[in-house]
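Colleague: Just passing along the structure, written as structure tokens.
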Amino acid sequence: MNHSFKSSASDLNRRQFLTTSLAATAALGATSSLPAALFDVNKAVAKAQEKPESAVKHLFASLSEQQRREICFDWNHEDKGRGLLRTHVNNNWQITKPEVRSKFFTDEQQDMVRAIFEGIIHPDWHARYYKQVEDDNGGFGDNQAIAIFGNPESERFEFVMTGRHMTLRCDGNSADHLAFGGPIFYGHDPLGEFNEGPDHEENVFWEQALKANEVYKMLDGRQRKMAEVRRTPNEGDIAFKGTKKLQGIPVTELSSDQQEVLQETLQALIEPFRQSDRDEVTQCIKTQGGLNSCALAFYTDNDIGKDRVWDNWRLEGPAFVWHFRGAPHVHVWANVAENASVKTNTPFVNRRS
């Protein structure tokens, strides 16, 4: 899907900055971070060194009654066609109508939203995530919308931010036994061509797939037959399977050195997010039996370039799904809980995003 956005001098300056900063990050190494002060688009971090949950409370307190009617909902609000809106996820959607960078929000409120966004993304990933937002949405706040569920001032609450290739959450551990507060989505189409090449040029998330493929390279012939699956499942099929048989090779069939690289793959998957969310995912997996309860599948039907570097793959457990779809460009769906009895929405998949 092609998007047209209005460009301004500030937009061009931001794009030039992001290109330079990303290159600097790459030169320093994937795990290096750029100081937050370098972001000329970042007003909020310089003003507030607070947890994103605190920023959600301040944002909620600043909203007028009219604003609250548009973007605030009860904890269990049901939406026609989407079910429980709080746990809905999509690869390209706006959870409410007002865009973040619009006159609906004051400049200060937009800064608060930015502070929340930066708070739930690990600092090492700020430059890469800003590149994704720039490439896929035209800039921070464009084509992006937010919603707040519950009452941040007195009870459990959740902040949800959406856009093209984005569903992110900040819940302050309000959602019981569920990592991130519900399913999340991330993706990237950096060149705007929809169909990426085998090297996935400039895709900030492709390194996660390369890490998973390191595990594949270590497999012997018998293991590869177990790990390879002919057909990629529906990318939105991220409901928990519980005790049902999982596709791919059981982690128990991996040697200790193979399991070690798989553990590194898991760390690469959760690396973009703040430490508390990383810890939640780790605890959820531990509660359901650890990685030994999981299986790893590589799908052979969409191998871009026929190079056997698998673009589509999935790491899955009884109450854990991390589905990586790299063809035609990167879409990633994650759904993580402590046990399979925790219910979340079945997502709607936009086929042209």
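In the structure tokens, the first chain shown is A, the next is B, and so on; residue numbers restart at 1 for each chain, and ligands run from 1 in the order shown.
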Using DSSP on the backbone coordinates, identify all residues within segment 87-300 of chain A classified as helix (DSSP H, G or I); present the result as a PyMOL selection string.
Modeller: chain A and resi 87+107-120+123-137+179-181+206-218+221-227+251-253+256-270+275-287+291-293
Colleague: Excluding segment 191-198 of chain A and any residue of its chain fewer than 4 positions from it, enumerate the residues within 8 Å of it, using only C-alpha atoms, and give them as number ranges by chain.
Modeller: A: 1-2, 135-136, 202, 304-305, 307, 327-329, 353
Colleague: Once DSSP has gone over the backbone, tell me which residues of segment 36-263 of chain A are in strand (DSSP E or B), as a PyMOL selection string.
Modeller: chain A and resi 72-73+78-79+83-84+90+92+121+145-150+157-164+166-170+178+184-188+228-229+249-250
Colleague: Keeping C-alpha atoms for every residue in the selection just given, could you write it to a file as a short mmCIF file (atom, residue, chain, number, x, y, z; two decimals), in the first residue's frame?
Modeller:
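Generated output (result-v1.cif):
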data_model
loop_
_atom_site.label_atom_id
_atom_site.label_comp_id
_atom_site.auth_asym_id
_atom_site.auth_seq_id
_atom_site.Cartn_x
_atom_site.Cartn_y
_atom_site.Cartn_z
CA CYS A 72 -10.86 7.03 26.38
CA PHE A 73 -12.87 3.87 27.06
CA GLU A 78 -16.48 -3.87 23.19
CA ASP A 79 -16.16 -2.49 19.67
CA GLY A 83 -14.54 -7.34 20.02
CA LEU A 84 -12.62 -6.31 23.13
CA ASN A 90 -3.75 -5.20 13.48
CA ASN A 92 -2.28 -1.28 9.85
CA ILE A 121 10.97 1.18 23.52
CA ALA A 145 -3.61 7.07 16.94
CA ILE A 146 -3.91 6.27 20.64
CA ALA A 147 -6.51 5.09 23.12
CA ILE A 148 -6.64 4.83 26.92
CA PHE A 149 -8.64 2.12 28.66
CA GLY A 150 -9.67 2.27 32.30
CA PHE A 157 -5.42 1.10 32.78
CA GLU A 158 -3.83 0.52 29.40
CA PHE A 159 -2.49 2.89 26.75
CA VAL A 160 -2.49 1.59 23.16
CA MET A 161 -0.68 3.19 20.23
CA THR A 162 -1.38 2.11 16.65
CA GLY A 163 -0.47 2.95 13.07
CA ARG A 164 0.94 1.26 10.03
CA MET A 166 2.45 -0.84 14.90
CA THR A 167 0.40 -1.94 17.89
CA LEU A 168 2.21 -1.06 21.12
CA ARG A 169 0.93 -1.06 24.70
CA CYS A 170 1.70 0.42 28.11
CA LEU A 178 -0.27 -11.33 30.03
CA ILE A 184 1.58 -6.56 19.87
CA PHE A 185 2.59 -6.01 16.27
CA TYR A 186 5.65 -4.51 14.61
CA GLY A 187 6.88 -4.44 11.04
CA HIS A 188 8.69 -2.38 8.43
CA GLU A 228 10.81 -27.24 7.87
CA VAL A 229 7.09 -26.72 7.28
CA ILE A 249 11.02 -28.98 15.70
CA PRO A 250 10.48 -29.28 19.47
#
Colleague: Compile the contact shell of Arg224 of chain A as an MDAnalysis selection string: residues with an atom at most 12 Å away, counting only C-alpha atoms, same-chain residues fewer than 4 positions apart removed.
Modeller: chainID A and resid 213 215:220 228:229 248:250 253:254 296:300 308
Colleague: Mind dumping the selected residues with N, CA and C atoms as a short mmCIF file (atom, residue, chain, number, x, y, z; two decimals), in the first residue's frame?
Modeller:
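That gives us selection.cif:
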data_model
loop_
_atom_site.label_atom_id
_atom_site.label_comp_id
_atom_site.auth_asym_id
_atom_site.auth_seq_id
_atom_site.Cartn_x
_atom_site.Cartn_y
_atom_site.Cartn_z
N ASN A 213 17.87 -17.85 11.78
CA ASN A 213 18.47 -18.69 10.74
C ASN A 213 19.83 -19.24 11.15
N VAL A 215 20.22 -20.65 13.98
CA VAL A 215 19.81 -21.92 14.56
C VAL A 215 19.62 -22.95 13.45
N TYR A 216 18.93 -22.53 12.38
CA TYR A 216 18.68 -23.46 11.28
C TYR A 216 19.98 -24.02 10.71
N LYS A 217 20.98 -23.16 10.54
CA LYS A 217 22.26 -23.60 9.96
C LYS A 217 22.94 -24.67 10.81
N MET A 218 22.62 -24.69 12.11
CA MET A 218 23.24 -25.65 13.02
C MET A 218 22.54 -27.01 13.01
N LEU A 219 21.36 -27.08 12.39
CA LEU A 219 20.58 -28.32 12.42
C LEU A 219 21.15 -29.36 11.47
N ASP A 220 21.10 -30.62 11.86
CA ASP A 220 21.50 -31.68 10.94
C ASP A 220 20.31 -32.04 10.05
N GLU A 228 11.37 -27.83 9.08
CA GLU A 228 10.81 -27.24 7.87
C GLU A 228 9.32 -27.58 7.73
N VAL A 229 8.53 -26.56 7.47
CA VAL A 229 7.09 -26.72 7.28
C VAL A 229 6.75 -26.12 5.91
N GLY A 248 6.83 -27.59 13.60
CA GLY A 248 8.27 -27.41 13.66
C GLY A 248 8.96 -28.40 14.58
N ILE A 249 10.20 -28.11 14.88
CA ILE A 249 11.02 -28.98 15.70
C ILE A 249 10.87 -28.61 17.17
N PRO A 250 10.53 -29.58 18.04
CA PRO A 250 10.48 -29.28 19.47
C PRO A 250 11.86 -28.86 19.96
N GLU A 253 14.44 -31.32 21.03
CA GLU A 253 15.22 -32.05 20.03
C GLU A 253 16.52 -31.33 19.68
N LEU A 254 16.74 -30.16 20.24
CA LEU A 254 17.94 -29.39 19.96
C LEU A 254 19.04 -29.74 20.95
N LEU A 296 10.13 -24.65 17.08
CA LEU A 296 10.62 -23.66 16.11
C LEU A 296 10.33 -24.18 14.70
N ALA A 297 9.63 -23.37 13.91
CA ALA A 297 9.25 -23.77 12.55
C ALA A 297 9.82 -22.78 11.54
N PHE A 298 10.35 -23.31 10.43
CA PHE A 298 10.79 -22.50 9.30
C PHE A 298 9.91 -22.87 8.11
N TYR A 299 9.25 -21.85 7.51
CA TYR A 299 8.28 -22.11 6.44
C TYR A 299 8.96 -21.96 5.08
N THR A 300 8.80 -22.98 4.25
CA THR A 300 9.59 -23.07 3.01
C THR A 300 8.87 -22.56 1.77
N ARG A 308 17.37 -20.20 0.85
CA ARG A 308 17.23 -21.01 2.06
C ARG A 308 17.61 -20.26 3.33
#
Colleague: Quick one: residues within 12 Å of Pro52 of chain A, only C-alpha atoms, excluding same-chain residues fewer than 2 positions away - as a VMD selection string?
Modeller: chain A and resid 44 to 45 48 to 50 54 to 59 111 to 122 152 158 to 160 169 to 172 274 276
Colleague: Kindly save the residues from that selection, with C-alpha atoms included, as a PDB file, in the first residue's frame.
Modeller:
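Okay, this is what ended up in selection.pdb:
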ATOM      1  CA  ALA A  44       9.794  14.967  25.706  1.00  0.00           C
ATOM      2  CA  VAL A  45      12.839  13.134  27.026  1.00  0.00           C
ATOM      3  CA  ALA A  48      10.595  14.302  31.715  1.00  0.00           C
ATOM      4  CA  GLN A  49      12.609  11.392  33.057  1.00  0.00           C
ATOM      5  CA  GLU A  50       9.629   9.364  34.211  1.00  0.00           C
ATOM      6  CA  SER A  54       3.391   8.151  34.850  1.00  0.00           C
ATOM      7  CA  ALA A  55       3.291   9.919  31.497  1.00  0.00           C
ATOM      8  CA  VAL A  56       0.007   8.116  30.712  1.00  0.00           C
ATOM      9  CA  LYS A  57      -1.448   9.439  33.965  1.00  0.00           C
ATOM     10  CA  HIS A  58      -0.308  12.978  33.168  1.00  0.00           C
ATOM     11  CA  LEU A  59      -1.704  12.696  29.643  1.00  0.00           C
ATOM     12  CA  ASP A 111       5.161  15.448  23.790  1.00  0.00           C
ATOM     13  CA  MET A 112       3.589  13.216  26.438  1.00  0.00           C
ATOM     14  CA  VAL A 113       2.658  10.634  23.800  1.00  0.00           C
ATOM     15  CA  ARG A 114       6.222  10.726  22.529  1.00  0.00           C
ATOM     16  CA  ALA A 115       7.520  10.229  26.087  1.00  0.00           C
ATOM     17  CA  ILE A 116       5.282   7.159  26.480  1.00  0.00           C
ATOM     18  CA  PHE A 117       6.455   5.766  23.136  1.00  0.00           C
ATOM     19  CA  GLU A 118      10.118   6.266  24.006  1.00  0.00           C
ATOM     20  CA  GLY A 119       9.538   4.810  27.459  1.00  0.00           C
ATOM     21  CA  ILE A 120       8.250   1.464  26.176  1.00  0.00           C
ATOM     22  CA  ILE A 121      10.974   1.182  23.524  1.00  0.00           C
ATOM     23  CA  HIS A 122      14.468   0.394  24.758  1.00  0.00           C
ATOM     24  CA  PRO A 152      -5.082   5.814  35.060  1.00  0.00           C
ATOM     25  CA  GLU A 158      -3.829   0.525  29.405  1.00  0.00           C
ATOM     26  CA  PHE A 159      -2.486   2.886  26.749  1.00  0.00           C
ATOM     27  CA  VAL A 160      -2.494   1.586  23.162  1.00  0.00           C
ATOM     28  CA  ARG A 169       0.934  -1.061  24.699  1.00  0.00           C
ATOM     29  CA  CYS A 170       1.697   0.415  28.108  1.00  0.00           C
ATOM     30  CA  ASP A 171      -0.397  -1.182  30.854  1.00  0.00           C
ATOM     31  CA  GLY A 172       1.478  -0.831  34.146  1.00  0.00           C
ATOM     32  CA  ARG A 274      11.892  -1.849  27.724  1.00  0.00           C
ATOM     33  CA  SER A 276      10.144  -4.603  32.346  1.00  0.00           C
TER      34      SER A 276
END
Colleague: For segment 333-344 of chain A, find every residue with an atom within 6 Å (counting only C-alpha atoms), except residues of its own chain fewer than 5 positions away, and show them as a compact mmCIF listing (two decimals) with N, CA and C atoms, in the first residue's frame.
Modeller:
# COMPACT_ATOMS: atom_id res chain seq x y z
N THR A 87 -7.62 -5.34 23.54
CA THR A 87 -6.66 -6.38 23.15
C THR A 87 -6.64 -6.63 21.65
N HIS A 177 -1.37 -11.80 34.05
CA HIS A 177 -0.80 -13.00 33.42
C HIS A 177 -0.56 -12.83 31.91
N LEU A 178 -0.37 -11.61 31.46
CA LEU A 178 -0.27 -11.33 30.03
C LEU A 178 0.86 -10.35 29.78
N ALA A 179 1.84 -10.71 28.97
CA ALA A 179 2.94 -9.81 28.66
C ALA A 179 2.50 -8.69 27.73
N PRO A 183 -1.61 -8.69 22.81
CA PRO A 183 -0.80 -8.94 21.59
C PRO A 183 -0.23 -7.63 21.04
N ILE A 184 0.96 -7.72 20.50
CA ILE A 184 1.58 -6.56 19.87
C ILE A 184 1.93 -6.89 18.43
N PHE A 185 2.19 -5.84 17.67
CA PHE A 185 2.59 -6.01 16.27
C PHE A 185 3.69 -5.00 15.96
N PHE A 240 -3.44 -19.00 21.29
CA PHE A 240 -2.64 -19.99 21.99
C PHE A 240 -3.16 -21.40 21.71
N GLY A 242 -2.05 -24.17 23.53
CA GLY A 242 -2.06 -24.98 24.72
C GLY A 242 -1.31 -26.29 24.53
N CYS A 284 6.75 -15.24 31.67
CA CYS A 284 5.64 -15.99 31.08
C CYS A 284 6.13 -17.30 30.47
N THR A 287 7.00 -19.74 33.22
CA THR A 287 5.83 -20.29 33.88
C THR A 287 5.20 -21.43 33.08
N GLN A 288 5.25 -21.34 31.75
CA GLN A 288 4.63 -22.39 30.92
C GLN A 288 5.59 -23.50 30.55
N ALA A 319 1.48 -21.03 25.43
CA ALA A 319 0.86 -19.71 25.55
C ALA A 319 1.84 -18.63 25.08
N PHE A 320 2.49 -18.92 23.98
CA PHE A 320 3.54 -18.04 23.44
C PHE A 320 3.58 -18.18 21.93
N VAL A 321 3.39 -17.08 21.21
CA VAL A 321 3.50 -17.09 19.76
C VAL A 321 4.30 -15.87 19.34
N TRP A 322 5.38 -16.11 18.60
CA TRP A 322 6.13 -15.00 17.98
C TRP A 322 6.27 -15.37 16.51
N HIS A 323 5.40 -14.79 15.69
CA HIS A 323 5.33 -15.14 14.27
C HIS A 323 6.02 -14.07 13.45
Colleague: Would you kindly return, as a list in words, each protein, DNA or RNA residue with an atom no farther than 12 Å from any atom of Glu271 of chain A, considering only C-alpha atoms and excluding same-chain residues fewer than 2 positions away?
Modeller: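 Everything that qualifies: Ala30, Thr31, Ile120, Ile121, His122, Pro123, Asp124, Trp125, His126, Arg128, Tyr129, Phe205, Glu207, Gln208, Glu264, Thr265, Leu266, Gln267, Ala268, Leu269, Phe273, Arg274, Gln275, Ser276, Asp277, Arg278, Asp279, Val281 and Thr282 of chain A.
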Colleague: Can you work out the spacing between atom CA of Ser154 of chain A and atom CA of Gln283 of chain A in Å, to one decimal?
Modeller: 26.9 Å
Colleague: Which residues are near Glu99 of chain A? Cut-off 8 Å, only C-alpha atoms, ignore same chain within fewer than 5 positions. Put them as JSON, numbers by chain.
Modeller: {"A": [104, 141, 142, 143, 144, 145, 146]}
Colleague: Create the file for the chosen residues now, containing N, CA and C atoms and written as a CSV table (one decimal), in the first residue's frame.
Modeller:
chain,number,residue,atom,x,y,z
A,104,PHE,N,-6.1,18.1,17.3
A,104,PHE,CA,-6.8,17.5,18.4
A,104,PHE,C,-6.1,17.5,19.7
A,141,GLY,N,3.6,10.4,14.8
A,141,GLY,CA,2.3,11.0,15.0
A,141,GLY,C,1.4,11.1,13.8
A,142,ASP,N,2.0,10.9,12.6
A,142,ASP,CA,1.2,10.9,11.4
A,142,ASP,C,0.7,9.5,11.2
A,143,ASN,N,-0.6,9.3,10.8
A,143,ASN,CA,-1.2,8.0,10.6
A,143,ASN,C,-1.1,7.2,11.9
A,144,GLN,N,-1.0,7.8,13.0
A,144,GLN,CA,-0.9,7.1,14.3
A,144,GLN,C,-2.0,7.6,15.3
A,145,ALA,N,-2.5,6.7,16.0
A,145,ALA,CA,-3.6,7.1,16.9
A,145,ALA,C,-3.4,6.3,18.3
A,146,ILE,N,-4.0,6.9,19.3
A,146,ILE,CA,-3.9,6.3,20.6
A,146,ILE,C,-5.3,6.1,21.3
Colleague: Using only C-alpha atoms, can you tell me which of A:Leu63, A:Gln132, A:Lys80, A:Asn91 comes closest to Thr106 of chain A?
Modeller: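 The closest residue to Thr106 of chain A is A:Leu63.
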Colleague: When you draw a straight line from atom CA of Trp75 of chain A to atom CA of Ile238 of chain A, how long is it in Å?
Modeller: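 So the answer is 22.4 Å.
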Colleague: In Å, with one decimal, what is the gap from atom CA of Gln110 of chain A to atom CA of Asp189 of chain A?
Modeller: 24.9 Å
